[in-house]
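Data first, discussion second: the structure below is written as structure tokens.
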Amino acid sequence: MERQYQIQYPSVMENKKLMYVHGFASSAQSGTVSVLRQLLPNTEVVAYDIPLDPQEAIAFLKRKCEEDKPDLIVGTSAGGMMTEQLYGFDRIVINPAFQMGDTMGKHGMTGKQTYQNPRQDGVQEFIVTKALVKQFAELTEQCFTHADDKDEQQRVWGLFGDKDPLVNTFDLYRQHYPQAIHFHGEHRLSDKIAIHYLVPVIRWIDDRQEGRERPVLYITIDAMRAPQGQVRPSMHKCFEMLLEHYDVYFVCPALTNEKQDMAEDHDWIEEAISAPAYNRVVYANNTALLYGDYMISTHDNDKFMGTNIRLGSDEFKTWDEIITYFERLGGQ
């Protein structure tokens, strides 16, 4: 039975097509396909059983891209490696196996293997020969051939598990593409990673495709973090709601004699917020320098040109009152 999600994102990639490219020894019946379809109910998610032969596989995928013209391609593991080579399309590569030949050798992927998910042709077992390993190694040599193109630089996002026991290609990827995010996890894409890392990146891509500009909202770290160091109650709930309508940035104090470790603040925000913190942390002591529509803080920011919302005031005693306020605004 498929898991039913209480969280869905009907406005993300609405009326668009997403192609999923599965990993080695998997199929179009991958659980990730089900996750994507449930989280993005108004997106057409397509997936296909990829041929075992890597050269046949990449040719097959390029043909399907021409036929389907997907708005976004998401590939995992070996599928992520192949997805990088589908130039001309927006794409997300998750734990991409850019050194697939070495990976197959190191992790005992030779000999008789069983597909992890049912395939349309009914085949459940296959043999990995030395020749097949060599073919995969040859295919990885075709990676990054157009990565220097400025348009391609903006079309590709990489997500990398910091505890991945199989693949570690973050540094290799960063030699070619700037948009790379670590997530707390291993090789497989869990539900939590899909919700807190993958969906925010998909939303950013969707906004760029549509030329969509959202009102800018700042949240200062003191409004997020209680004096004891933990996340303030209801902050996460409010933040998830704000992401639907606003371009959210996080404000930390800049370096002073009293504040010597800005990296500590950054790490705390990244741990608390996940992917939406990527490239969204601003260091400033003078809020008058920040251009935006709203700021949520625990102190008055009289020089901020937008609307200042002071957490702890009579009007906004807790984050719950802030939730009510933005619900009434309806995304304005």
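Numbering starts fresh at 1 for the residues of each chain in the structure tokens, the chains themselves are lettered A, B, ... in the order given, and ligands are numbered from 1 as they appear.
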
Quick one: residues within 6 Å of range 10-25 of chain A, only C-alpha atoms counted, chain neighbours fewer than 5 positions away excluded, as an MDAnalysis selection string?
chainID A and resid 40:47 70:79 115:116 203 206

Residue subset to file, keeping N, CA and C atoms, as a CSV table (one decimal), in the first residue's frame:
```csv
chain,number,residue,atom,x,y,z
A,40,LEU,N,3.7,16.1,-5.3
A,40,LEU,CA,3.4,17.0,-6.4
A,40,LEU,C,2.1,16.6,-7.1
A,41,PRO,N,1.0,16.7,-6.6
A,41,PRO,CA,-0.2,16.1,-7.1
A,41,PRO,C,-0.7,16.7,-8.5
A,42,ASN,N,-0.2,17.9,-8.8
A,42,ASN,CA,-0.6,18.6,-10.0
A,42,ASN,C,0.5,18.5,-11.1
A,43,THR,N,1.5,17.7,-10.8
A,43,THR,CA,2.6,17.5,-11.8
A,43,THR,C,2.5,16.1,-12.4
A,44,GLU,N,2.7,16.0,-13.7
A,44,GLU,CA,2.7,14.8,-14.4
A,44,GLU,C,4.2,14.2,-14.2
A,45,VAL,N,4.3,13.1,-13.5
A,45,VAL,CA,5.6,12.4,-13.2
A,45,VAL,C,5.6,11.2,-14.1
A,46,VAL,N,6.6,11.2,-15.0
A,46,VAL,CA,6.8,10.0,-15.9
A,46,VAL,C,8.1,9.3,-15.5
A,47,ALA,N,8.2,8.0,-15.7
A,47,ALA,CA,9.4,7.3,-15.5
A,47,ALA,C,9.4,6.0,-16.4
A,70,PRO,N,10.3,17.1,-21.0
A,70,PRO,CA,10.0,17.4,-19.6
A,70,PRO,C,10.4,18.8,-19.2
A,71,ASP,N,9.7,19.3,-18.2
A,71,ASP,CA,10.1,20.6,-17.7
A,71,ASP,C,11.2,20.5,-16.7
A,72,LEU,N,11.3,19.3,-16.1
A,72,LEU,CA,12.4,19.0,-15.1
A,72,LEU,C,12.7,17.5,-15.1
A,73,ILE,N,14.0,17.2,-15.0
A,73,ILE,CA,14.4,15.8,-14.9
A,73,ILE,C,15.1,15.6,-13.5
A,74,VAL,N,14.7,14.6,-12.8
A,74,VAL,CA,15.3,14.2,-11.5
A,74,VAL,C,15.9,12.8,-11.6
A,75,GLY,N,17.2,12.7,-11.4
A,75,GLY,CA,17.8,11.4,-11.4
A,75,GLY,C,18.6,11.1,-10.2
A,76,THR,N,18.6,9.8,-9.8
A,76,THR,CA,19.3,9.4,-8.6
A,76,THR,C,20.4,8.4,-8.9
A,77,SER,N,21.5,8.4,-8.2
A,77,SER,CA,22.6,7.5,-8.3
A,77,SER,C,23.1,7.4,-9.8
A,78,ALA,N,23.1,6.2,-10.4
A,78,ALA,CA,23.5,6.0,-11.8
A,78,ALA,C,22.6,6.8,-12.7
A,79,GLY,N,21.3,6.9,-12.3
A,79,GLY,CA,20.4,7.7,-13.0
A,79,GLY,C,20.7,9.2,-12.9
A,115,TYR,N,16.9,-7.2,-9.6
A,115,TYR,CA,16.4,-5.8,-9.7
A,115,TYR,C,15.6,-5.6,-8.4
A,116,GLN,N,15.8,-4.3,-7.9
A,116,GLN,CA,15.1,-4.0,-6.6
A,116,GLN,C,13.6,-3.8,-6.7
A,203,ARG,N,10.9,23.9,-6.3
A,203,ARG,CA,10.1,25.1,-6.2
A,203,ARG,C,11.0,26.3,-6.8
A,206,ASP,N,11.0,25.9,-10.5
A,206,ASP,CA,9.7,26.3,-11.1
A,206,ASP,C,9.5,27.8,-11.1
```

Spatial neighbours of Leu290 in chain A, 10 Å, only C-alpha atoms, chain gap at least 5 places, as a ChimeraX atom specification
/A:218,251,282,284-285,295,303-306

Output N, CA and C atoms of each residue in that selection to a file, as an mmCIF file, in the first residue's frame.
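File written: again09.cif
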```
data_model
loop_
_atom_site.group_PDB
_atom_site.id
_atom_site.type_symbol
_atom_site.label_atom_id
_atom_site.label_comp_id
_atom_site.auth_asym_id
_atom_site.auth_seq_id
_atom_site.Cartn_x
_atom_site.Cartn_y
_atom_site.Cartn_z
ATOM 1 N N TYR A 218 12.525 38.547 5.478
ATOM 2 C CA TYR A 218 13.705 38.220 6.284
ATOM 3 C C TYR A 218 13.276 37.680 7.645
ATOM 4 N N VAL A 251 18.731 36.340 8.534
ATOM 5 C CA VAL A 251 19.662 37.409 8.896
ATOM 6 C C VAL A 251 20.412 37.042 10.169
ATOM 7 N N VAL A 282 22.081 35.971 5.241
ATOM 8 C CA VAL A 282 22.617 37.318 5.078
ATOM 9 C C VAL A 282 23.228 37.773 6.408
ATOM 10 N N ALA A 284 24.309 40.950 8.536
ATOM 11 C CA ALA A 284 24.162 42.407 8.582
ATOM 12 C C ALA A 284 23.841 42.847 9.997
ATOM 13 N N ASN A 285 24.449 43.947 10.410
ATOM 14 C CA ASN A 285 24.127 44.549 11.701
ATOM 15 C C ASN A 285 23.192 45.745 11.535
ATOM 16 N N MET A 295 10.109 41.748 7.708
ATOM 17 C CA MET A 295 11.175 41.223 8.557
ATOM 18 C C MET A 295 10.563 40.745 9.865
ATOM 19 N N LYS A 303 14.469 51.354 11.020
ATOM 20 C CA LYS A 303 15.060 51.817 9.765
ATOM 21 C C LYS A 303 14.799 50.863 8.602
ATOM 22 N N PHE A 304 14.256 49.682 8.891
ATOM 23 C CA PHE A 304 13.921 48.742 7.816
ATOM 24 C C PHE A 304 12.749 49.311 7.029
ATOM 25 N N MET A 305 12.868 49.338 5.711
ATOM 26 C CA MET A 305 11.888 50.020 4.873
ATOM 27 C C MET A 305 10.590 49.232 4.696
ATOM 28 N N GLY A 306 10.627 47.926 5.002
ATOM 29 C CA GLY A 306 9.422 47.111 4.872
ATOM 30 C C GLY A 306 8.640 47.049 6.175
#
```

If you run DSSP on the backbone, which residues of range 250-304 of chain A are strand (DSSP E), as an MDAnalysis selection string?
chainID A and resid 250:252 281:283 294:297

Using only C-alpha atoms, which of the listed residues (A:Gly331, A:Pro165, A:Pro54, A:Gly88) sits closest to His245 in chain A?
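The shortest atom-to-atom distance to His245 in chain A comes from A:Gly331.
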
Counting only C-alpha atoms, which residue out of A:Asp53, A:Asp267, A:Ala28, A:Glu240 sits closest to Asn117 in chain A?
A:Ala28

Residues of range 147-270 of chain A classed as alpha helix (DSSP H) by DSSP on the backbone are to be reported as a VMD selection string.
chain A and resid 150 to 155 170 to 174 191 to 193 199 to 210 221 to 224 235 to 243 262 to 270

For Ile92 in chain A, which residue out of A:Trp157, A:Tyr48, A:Phe144, A:Trp204 is the nearest one, using only C-alpha atoms?
A:Trp157
